Amino acid sequence: MLINPKNIAPPPYADGMWHWRRHFISVAQIRDRRDLDEDLFPLAHHLEHMVHNEGASQLLVGKCLYDLFYEPSTRTMSSFAIAMKRMGGMVESISNVQFSSVAKGESLEDTIRTLACYSDVIVLRQKEEGVAKKAAEASPVPVINAGDGKGEHPTQAVLDLFTIYRELKRIDGLTVTMVGDLKHGRTVHSLSRLLCLYDGIQLNLVSPPELRMPDKLVSELRGHGLEPRIHDRLEEVVPESDALYVTRVQLERIPQDQRPATIPYIVTPATMAMAKPRGEMILMHPLPRDSQDGNPEISVEVDADPRAAYFRQCEYGMYARMAILSRMLRAD
Amino acid sequence: MLINPKNIAPPPYADGMWHWRRHFISVAQIRDRRDLDEDLFPLAHHLEHMVHNEGASQLLVGKCLYDLFYEPSTRTMSSFAIAMKRMGGMVESISNVQFSSVAKGESLEDTIRTLACYSDVIVLRQKEEGVAKKAAEASPVPVINAGDGKGEHPTQAVLDLFTIYRELKRIDGLTVTMVGDLKHGRTVHSLSRLLCLYDGIQLNLVSPPELRMPDKLVSELRGHGLEPRIHDRLEEVVPESDALYVTRVQLERIPQDQRPATIPYIVTPATMAMAKPRGEMILMHPLPRDSQDGNPEISVEVDADPRAAYFRQCEYGMYARMAILSRMLRAD
Amino acid sequence: MLINPKNIAPPPYADGMWHWRRHFISVAQIRDRRDLDEDLFPLAHHLEHMVHNEGASQLLVGKCLYDLFYEPSTRTMSSFAIAMKRMGGMVESISNVQFSSVAKGESLEDTIRTLACYSDVIVLRQKEEGVAKKAAEASPVPVINAGDGKGEHPTQAVLDLFTIYRELKRIDGLTVTMVGDLKHGRTVHSLSRLLCLYDGIQLNLVSPPELRMPDKLVSELRGHGLEPRIHDRLEEVVPESDALYVTRVQLERIPQDQRPATIPYIVTPATMAMAKPRGEMILMHPLPRDSQDGNPEISVEVDADPRAAYFRQCEYGMYARMAILSRMLRAD
């Protein structure tokens, strides 16, 4: 609460950046892989068992989460909301901010400080990069960045990595292949940064030339010891991949004259026939996949394949967010 | 939950149709009147007492309902949501799907499978007939059809019948009169089908010629032993009616050139003066009644009549939905 | 609940007006200052401690609040919703009524009676003055007016007065200065009426001539023993003020040709330098303040001043509403 904020988070890092348990704005705030391997992931797995057995616990009774979404995103908002409720917490949401008085000439800082009067954590989705940081600076309660435009969406990266850990039992030494729009795809940017914390990762990047991962990010990854390999063709890397991470080509973000004529990569049962067997390989996707023209980037025939992990990934997302909320709102 | 769905529902019927406790899509799934008389109705009545005495119970603690409404319907959505909450359950809702990412090129099946990752039952309202069945086929968790266009809205039929049972103490042998737009009125179609499970029902149908109950449905009812009598004038059947069920003439669904000049039937205190006394007769309406031009199909002067059961019917709807949810989500 | 409403409120006042615990429509229903000093305020303060220590209680378990907002107001709606949830109650909300079936030709009375089937208290925001009273007349459950156009917003006045009581430990004998748009500002109208219950209040009114408090209200206050002093310049009353209540000049409510060229009063650190010291003086604002053109009526440099009480006021609002809800929904 505002008046007597009980700041249970560890102190800032040496360079002054908040600990991720204070405000979770960027994956760059996770600096110790043990925060993942030895803390969040085992806790998320434990919470998964709890949900299957009991449905809900009392871990966050008395805590209130505010879902403040300036841009609608049903699945992210619901995932946070239900994560909170399954730990006994309360949730209040506003998703169409343009219809609301919070937009009536009020500054973001004032909106945040007002909502912090009622709640214990604010989950913010905004269109503009950098806004989540600005909100956190104004907020007496923890802020979680649930996506700021082309910027970050750090809990998505944590849940993606948790999916790999949960399904393949390890992360070190894996070959991870990212496919699709690697230029605009926020999720692959954040996940590749998190992978730098691990040893012996082989990262393959498969995209059409106009949708390559930005050079700046590739350099950053190299600086952290990852050596991404760039590929044009999916087939050449499928056989070696432990995790194949497919993203939607967000055509709406590509200038008309640069748009590829067709979706460049489609994962079909034929693709999966080249892949490693069940238990050694998973197929991931952040969802939603685009079914508008009947040709989603992963064909629906693949859904029945036990290696198709994307709906499980979605469910793991709830457990990962439960673990994150628990660590941000409880002192233990 | 998705990964380990505990399917507590009975096996499908002999012809392969789901038991209504697995997915509740159509009243045709209720094949044994004892599911109503001896199960849902006594349970709904019991829950009514619980709500009056305690307000809420813990029957569905740990269970989460997702209200997925592609077409807004505040009263239906709230009725399900509060039913769930009054049994200790959690609720997440999305009502204006057009503003939401669930509409961003994603197939219905993917949306359903995604929301099923977080929740234990999905309540779906959709504009197109048949969509609820399609959703159920994709869903690992139970789906409840809360109206699919001109199709069905089975929980409304259950609550309508519960209202008759609760107010008149029996259903066998009653005379039920349906009035208004019997061509488009989804509620009267479903209720008349449920009445086929009972003995000695006299069904009267009162409508202008252009708004008659469809021949196909009348034939279907006859095949099940009901012998509907068609009437033009309300007065001639009011005296014999035990339940008088009035529906709104949905002018917006009638082509301009076929619209009646005035609302053909209005129930007034003079109408009620012809009816059976209190305790033997009830006046029902699925609500909302149309007050736009100041002449609703039941005049407000009737509201104080103790036989006017439509607001009680609305409240019974919450208890009926509590009972249905309990039977779909609990093994006992 | 509808069928067996347990009306726990005291009987109407001698003139037939509802006791505020039955329906809370106007501050005129608070006739005994002890309802504030000796009841609501100590209870609100107690609930503040509860929230800081526990986060939530079980006071209103089994009770359901319905937030019915015909005009969006995120902060008011959230404040009521979270107040209810922090006492263990349930909440259902509808904020964009234009998208909803509750607007489909249904009368307000029918909407209210329908929602009362599911809930135990209805919080109503409406654009037209007098609508809240009309709703209360139709409602079997308590109705709280959360703003009806230019009319009243009585819980705002209670929270404003609670803020003064909570921060300055007394109300009798204080000098209260209201600044800004005193013609249209609903909050200052209601607060000034509540101040009439107290002894020795000096009320200063500072506004441009075209935005003066209405003569009729000034006469009413005089009839109750208050002697408001009218001022043009803020500086001349700041030094004597115990509470300085600043309102937004709601330019959108002022005819174009009467609008002042600039915001007439801006509170800056220079203003605060003239004011009484910490512990003896507070600066209040109902929020939101208008930051659209970068010149809010209280400059952001003032936020760090310990006398700046407006965000605390917002938080106190939640406790005041918790106290009000508790008194309206519990017999004790």
# chains A, B, ... in the order shown; residues from 1 in each chain; ligands from 1
>>> interface_residues(of="chain C", to="chain A", cutoff="9 Å", atoms="only C-alpha atoms", output="ChimeraX atom specification")
/C:51-52,54-57,71-75,78-79,81-83,85-86,96,287-294,311-312,314-316,318
>>> select_by_dssp(residues="range 171-261 of chain C", states="alpha helix (DSSP H)", output="list in words")
Arg186, Thr187, Val188, His189, Ser190, Leu191, Ser192, Arg193, Leu194, Leu195, Asp215, Lys216, Leu217, Val218, Ser219, Glu220, Leu221, Arg222 and Gly223 of chain C
>>> write_last_selection(atoms="N, CA, C and O atoms", output="mmCIF file, in the first residue's frame")
data_model
loop_
_atom_site.group_PDB
_atom_site.id
_atom_site.type_symbol
_atom_site.label_atom_id
_atom_site.label_comp_id
_atom_site.auth_asym_id
_atom_site.auth_seq_id
_atom_site.Cartn_x
_atom_site.Cartn_y
_atom_site.Cartn_z
ATOM 1 N N ARG C 186 -18.796 19.659 -8.746
ATOM 2 C CA ARG C 186 -19.717 18.877 -7.916
ATOM 3 C C ARG C 186 -19.129 18.594 -6.543
ATOM 4 O O ARG C 186 -19.827 18.612 -5.534
ATOM 5 N N THR C 187 -17.814 18.343 -6.497
ATOM 6 C CA THR C 187 -17.216 17.938 -5.221
ATOM 7 C C THR C 187 -17.242 19.069 -4.195
ATOM 8 O O THR C 187 -17.535 18.834 -3.032
ATOM 9 N N VAL C 188 -16.947 20.289 -4.631
ATOM 10 C CA VAL C 188 -16.945 21.395 -3.662
ATOM 11 C C VAL C 188 -18.365 21.725 -3.201
ATOM 12 O O VAL C 188 -18.566 22.139 -2.056
ATOM 13 N N HIS C 189 -19.346 21.528 -4.063
ATOM 14 C CA HIS C 189 -20.732 21.758 -3.625
ATOM 15 C C HIS C 189 -21.097 20.812 -2.486
ATOM 16 O O HIS C 189 -21.607 21.226 -1.446
ATOM 17 N N SER C 190 -20.819 19.533 -2.686
ATOM 18 C CA SER C 190 -21.210 18.543 -1.679
ATOM 19 C C SER C 190 -20.395 18.702 -0.403
ATOM 20 O O SER C 190 -20.938 18.626 0.706
ATOM 21 N N LEU C 191 -19.095 18.944 -0.539
ATOM 22 C CA LEU C 191 -18.268 19.108 0.656
ATOM 23 C C LEU C 191 -18.718 20.309 1.476
ATOM 24 O O LEU C 191 -18.797 20.251 2.708
ATOM 25 N N SER C 192 -19.034 21.428 0.801
ATOM 26 C CA SER C 192 -19.452 22.621 1.553
ATOM 27 C C SER C 192 -20.751 22.348 2.311
ATOM 28 O O SER C 192 -20.939 22.829 3.433
ATOM 29 N N ARG C 193 -21.628 21.539 1.735
ATOM 30 C CA ARG C 193 -22.862 21.186 2.459
ATOM 31 C C ARG C 193 -22.549 20.368 3.706
ATOM 32 O O ARG C 193 -23.131 20.579 4.768
ATOM 33 N N LEU C 194 -21.619 19.411 3.584
ATOM 34 C CA LEU C 194 -21.269 18.597 4.761
ATOM 35 C C LEU C 194 -20.631 19.452 5.852
ATOM 36 O O LEU C 194 -20.830 19.206 7.048
ATOM 37 N N LEU C 195 -19.884 20.466 5.437
ATOM 38 C CA LEU C 195 -19.212 21.323 6.422
ATOM 39 C C LEU C 195 -20.224 22.066 7.306
ATOM 40 O O LEU C 195 -19.887 22.491 8.418
ATOM 41 N N ASP C 215 -25.226 31.311 -6.542
ATOM 42 C CA ASP C 215 -25.856 32.091 -5.472
ATOM 43 C C ASP C 215 -26.784 31.245 -4.612
ATOM 44 O O ASP C 215 -26.833 31.388 -3.395
ATOM 45 N N LYS C 216 -27.498 30.368 -5.271
ATOM 46 C CA LYS C 216 -28.479 29.551 -4.559
ATOM 47 C C LYS C 216 -27.790 28.691 -3.495
ATOM 48 O O LYS C 216 -28.275 28.569 -2.375
ATOM 49 N N LEU C 217 -26.652 28.132 -3.853
ATOM 50 C CA LEU C 217 -25.932 27.292 -2.901
ATOM 51 C C LEU C 217 -25.337 28.141 -1.786
ATOM 52 O O LEU C 217 -25.381 27.762 -0.606
ATOM 53 N N VAL C 218 -24.807 29.316 -2.147
ATOM 54 C CA VAL C 218 -24.256 30.206 -1.117
ATOM 55 C C VAL C 218 -25.345 30.569 -0.109
ATOM 56 O O VAL C 218 -25.123 30.553 1.109
ATOM 57 N N SER C 219 -26.547 30.869 -0.609
ATOM 58 C CA SER C 219 -27.663 31.180 0.294
ATOM 59 C C SER C 219 -27.991 29.987 1.175
ATOM 60 O O SER C 219 -28.240 30.126 2.379
ATOM 61 N N GLU C 220 -28.001 28.810 0.586
ATOM 62 C CA GLU C 220 -28.296 27.598 1.353
ATOM 63 C C GLU C 220 -27.285 27.425 2.483
ATOM 64 O O GLU C 220 -27.650 27.147 3.631
ATOM 65 N N LEU C 221 -26.003 27.628 2.159
ATOM 66 C CA LEU C 221 -24.955 27.478 3.181
ATOM 67 C C LEU C 221 -25.157 28.519 4.280
ATOM 68 O O LEU C 221 -25.031 28.211 5.471
ATOM 69 N N ARG C 222 -25.491 29.756 3.887
ATOM 70 C CA ARG C 222 -25.741 30.819 4.882
ATOM 71 C C ARG C 222 -26.897 30.423 5.792
ATOM 72 O O ARG C 222 -26.863 30.657 6.995
ATOM 73 N N GLY C 223 -27.918 29.818 5.194
ATOM 74 C CA GLY C 223 -29.063 29.358 5.989
ATOM 75 C C GLY C 223 -28.669 28.331 7.038
ATOM 76 O O GLY C 223 -29.348 28.153 8.047
#
>>> residues_around(residues="range 166-175 of chain A", least_positions_apart="2", cutoff="8 Å", atoms="only C-alpha atoms", output="PyMOL selection string")
chain A and resi 41+45+162-164+177+198-204+240-243+279-282
>>> residues_around(residues="Ala275 in chain B", least_positions_apart="3", cutoff="6 Å", atoms="only C-alpha atoms", output="ChimeraX atom specification")
/B:238-239,272
>>> residues_around(residues="range 148-155 of chain B", least_positions_apart="3", cutoff="6 Å", atoms="only C-alpha atoms", output="compact mmCIF listing (two decimals) with all heavy atoms, in the first residue's frame")
# COMPACT_ATOMS: atom_id res chain seq x y z
N SER B 26 -27.09 -27.86 -26.12
CA SER B 26 -28.47 -27.92 -26.60
C SER B 26 -29.36 -28.59 -25.56
O SER B 26 -28.92 -29.50 -24.84
CB SER B 26 -28.49 -28.74 -27.90
OG SER B 26 -29.80 -29.19 -28.19
N VAL B 27 -30.62 -28.17 -25.50
CA VAL B 27 -31.54 -28.86 -24.58
C VAL B 27 -31.76 -30.31 -25.00
O VAL B 27 -32.20 -31.13 -24.18
CB VAL B 27 -32.91 -28.15 -24.46
CG1 VAL B 27 -32.76 -26.83 -23.72
CG2 VAL B 27 -33.57 -27.97 -25.81
N ARG B 125 -20.97 -16.98 -25.84
CA ARG B 125 -22.07 -16.38 -26.59
C ARG B 125 -21.52 -15.97 -27.94
O ARG B 125 -20.49 -15.27 -28.01
CB ARG B 125 -22.62 -15.17 -25.84
CG ARG B 125 -23.31 -14.12 -26.66
CD ARG B 125 -24.80 -14.18 -26.84
NE ARG B 125 -25.57 -14.66 -25.74
CZ ARG B 125 -26.72 -14.11 -25.34
NH1 ARG B 125 -27.18 -13.03 -25.94
NH2 ARG B 125 -27.40 -14.64 -24.35
N GLN B 126 -22.18 -16.40 -29.00
CA GLN B 126 -21.70 -16.13 -30.35
C GLN B 126 -22.88 -15.81 -31.24
O GLN B 126 -24.01 -16.21 -30.97
CB GLN B 126 -20.96 -17.38 -30.85
CG GLN B 126 -19.55 -17.12 -31.33
CD GLN B 126 -19.52 -16.54 -32.72
OE1 GLN B 126 -20.54 -16.40 -33.38
NE2 GLN B 126 -18.31 -16.16 -33.17
N LYS B 127 -22.63 -15.09 -32.32
CA LYS B 127 -23.73 -14.68 -33.19
C LYS B 127 -24.22 -15.78 -34.12
O LYS B 127 -25.35 -15.76 -34.57
CB LYS B 127 -23.28 -13.49 -34.05
CG LYS B 127 -23.43 -12.14 -33.36
CD LYS B 127 -22.75 -11.05 -34.16
CE LYS B 127 -21.94 -10.18 -33.22
NZ LYS B 127 -22.22 -8.77 -33.25
N GLU B 128 -23.34 -16.72 -34.44
CA GLU B 128 -23.69 -17.69 -35.47
C GLU B 128 -24.11 -19.03 -34.88
O GLU B 128 -23.43 -19.58 -34.02
CB GLU B 128 -22.47 -17.95 -36.37
CG GLU B 128 -22.15 -16.81 -37.30
CD GLU B 128 -20.79 -17.04 -37.91
OE1 GLU B 128 -20.64 -18.01 -38.66
OE2 GLU B 128 -19.86 -16.26 -37.60
N GLU B 129 -25.19 -19.57 -35.43
CA GLU B 129 -25.69 -20.86 -35.02
C GLU B 129 -24.61 -21.93 -35.28
O GLU B 129 -23.95 -21.92 -36.30
CB GLU B 129 -26.93 -21.17 -35.86
CG GLU B 129 -27.92 -22.08 -35.19
CD GLU B 129 -29.20 -22.19 -36.01
OE1 GLU B 129 -29.53 -21.23 -36.75
OE2 GLU B 129 -29.88 -23.22 -35.90
N VAL B 158 -33.61 -24.19 -19.05
CA VAL B 158 -33.61 -24.84 -17.74
C VAL B 158 -34.12 -23.89 -16.66
O VAL B 158 -34.92 -24.27 -15.81
CB VAL B 158 -32.19 -25.36 -17.38
CG1 VAL B 158 -32.14 -25.84 -15.94
CG2 VAL B 158 -31.78 -26.48 -18.34
>>> decode(residues="range 133-145 of chain A", atoms="all heavy atoms", output="mmCIF file, in the first residue's frame")
data_model
loop_
_atom_site.group_PDB
_atom_site.id
_atom_site.type_symbol
_atom_site.label_atom_id
_atom_site.label_comp_id
_atom_site.auth_asym_id
_atom_site.auth_seq_id
_atom_site.Cartn_x
_atom_site.Cartn_y
_atom_site.Cartn_z
ATOM 1 N N LYS A 133 9.136 1.810 -17.949
ATOM 2 C CA LYS A 133 10.177 2.317 -17.051
ATOM 3 C C LYS A 133 9.733 3.626 -16.402
ATOM 4 O O LYS A 133 9.906 3.827 -15.201
ATOM 5 C CB LYS A 133 11.473 2.512 -17.849
ATOM 6 C CG LYS A 133 12.656 2.956 -17.013
ATOM 7 C CD LYS A 133 13.969 2.706 -17.762
ATOM 8 C CE LYS A 133 15.153 3.223 -16.964
ATOM 9 N NZ LYS A 133 15.265 4.702 -16.987
ATOM 10 N N LYS A 134 9.151 4.486 -17.209
ATOM 11 C CA LYS A 134 8.643 5.767 -16.709
ATOM 12 C C LYS A 134 7.565 5.533 -15.643
ATOM 13 O O LYS A 134 7.523 6.209 -14.613
ATOM 14 C CB LYS A 134 8.039 6.530 -17.911
ATOM 15 C CG LYS A 134 8.052 8.022 -17.813
ATOM 16 C CD LYS A 134 7.616 8.637 -19.170
ATOM 17 C CE LYS A 134 6.451 9.579 -18.980
ATOM 18 N NZ LYS A 134 5.766 9.936 -20.241
ATOM 19 N N ALA A 135 6.701 4.576 -15.898
ATOM 20 C CA ALA A 135 5.650 4.254 -14.929
ATOM 21 C C ALA A 135 6.254 3.742 -13.631
ATOM 22 O O ALA A 135 5.840 4.139 -12.533
ATOM 23 C CB ALA A 135 4.695 3.217 -15.519
ATOM 24 N N ALA A 136 7.251 2.880 -13.741
ATOM 25 C CA ALA A 136 7.873 2.314 -12.547
ATOM 26 C C ALA A 136 8.517 3.404 -11.701
ATOM 27 O O ALA A 136 8.458 3.384 -10.475
ATOM 28 C CB ALA A 136 8.899 1.253 -12.950
ATOM 29 N N GLU A 137 9.119 4.378 -12.383
ATOM 30 C CA GLU A 137 9.764 5.474 -11.641
ATOM 31 C C GLU A 137 8.755 6.246 -10.785
ATOM 32 O O GLU A 137 9.091 6.776 -9.737
ATOM 33 C CB GLU A 137 10.471 6.426 -12.615
ATOM 34 C CG GLU A 137 11.833 5.884 -13.029
ATOM 35 C CD GLU A 137 12.363 6.499 -14.326
ATOM 36 O OE1 GLU A 137 11.659 7.351 -14.909
ATOM 37 O OE2 GLU A 137 13.468 6.100 -14.757
ATOM 38 N N ALA A 138 7.511 6.310 -11.240
ATOM 39 C CA ALA A 138 6.493 7.054 -10.502
ATOM 40 C C ALA A 138 5.765 6.217 -9.467
ATOM 41 O O ALA A 138 5.049 6.756 -8.631
ATOM 42 C CB ALA A 138 5.465 7.625 -11.485
ATOM 43 N N SER A 139 5.973 4.902 -9.507
ATOM 44 C CA SER A 139 5.067 4.027 -8.760
ATOM 45 C C SER A 139 5.598 3.570 -7.416
ATOM 46 O O SER A 139 6.693 3.022 -7.330
ATOM 47 C CB SER A 139 4.757 2.782 -9.594
ATOM 48 O OG SER A 139 3.918 1.921 -8.858
ATOM 49 N N PRO A 140 4.818 3.761 -6.362
ATOM 50 C CA PRO A 140 5.194 3.219 -5.055
ATOM 51 C C PRO A 140 4.995 1.712 -4.952
ATOM 52 O O PRO A 140 5.512 1.096 -4.040
ATOM 53 C CB PRO A 140 4.262 3.955 -4.093
ATOM 54 C CG PRO A 140 3.082 4.352 -4.912
ATOM 55 C CD PRO A 140 3.569 4.541 -6.321
ATOM 56 N N VAL A 141 4.254 1.110 -5.868
ATOM 57 C CA VAL A 141 4.074 -0.349 -5.852
ATOM 58 C C VAL A 141 4.779 -0.935 -7.071
ATOM 59 O O VAL A 141 5.029 -0.227 -8.047
ATOM 60 C CB VAL A 141 2.574 -0.754 -5.839
ATOM 61 C CG1 VAL A 141 1.850 -0.140 -4.649
ATOM 62 C CG2 VAL A 141 1.882 -0.395 -7.142
ATOM 63 N N PRO A 142 5.101 -2.237 -7.043
ATOM 64 C CA PRO A 142 5.808 -2.830 -8.179
ATOM 65 C C PRO A 142 5.025 -2.707 -9.484
ATOM 66 O O PRO A 142 3.795 -2.818 -9.495
ATOM 67 C CB PRO A 142 5.936 -4.309 -7.775
ATOM 68 C CG PRO A 142 5.834 -4.323 -6.294
ATOM 69 C CD PRO A 142 4.921 -3.196 -5.936
ATOM 70 N N VAL A 143 5.757 -2.465 -10.565
ATOM 71 C CA VAL A 143 5.185 -2.422 -11.914
ATOM 72 C C VAL A 143 5.772 -3.582 -12.712
ATOM 73 O O VAL A 143 6.977 -3.841 -12.646
ATOM 74 C CB VAL A 143 5.523 -1.079 -12.602
ATOM 75 C CG1 VAL A 143 5.162 -1.119 -14.093
ATOM 76 C CG2 VAL A 143 4.792 0.069 -11.906
ATOM 77 N N ILE A 144 4.916 -4.278 -13.450
ATOM 78 C CA ILE A 144 5.370 -5.330 -14.363
ATOM 79 C C ILE A 144 5.076 -4.871 -15.784
ATOM 80 O O ILE A 144 3.941 -4.505 -16.100
ATOM 81 C CB ILE A 144 4.661 -6.667 -14.082
ATOM 82 C CG1 ILE A 144 4.995 -7.158 -12.673
ATOM 83 C CG2 ILE A 144 5.049 -7.713 -15.129
ATOM 84 C CD1 ILE A 144 4.246 -8.428 -12.275
ATOM 85 N N ASN A 145 6.102 -4.886 -16.601
ATOM 86 C CA ASN A 145 5.954 -4.537 -18.010
ATOM 87 C C ASN A 145 5.353 -5.729 -18.761
ATOM 88 O O ASN A 145 5.978 -6.765 -18.896
ATOM 89 C CB ASN A 145 7.344 -4.188 -18.571
ATOM 90 C CG ASN A 145 7.303 -3.791 -20.025
ATOM 91 O OD1 ASN A 145 6.228 -3.661 -20.614
ATOM 92 N ND2 ASN A 145 8.478 -3.568 -20.603
#
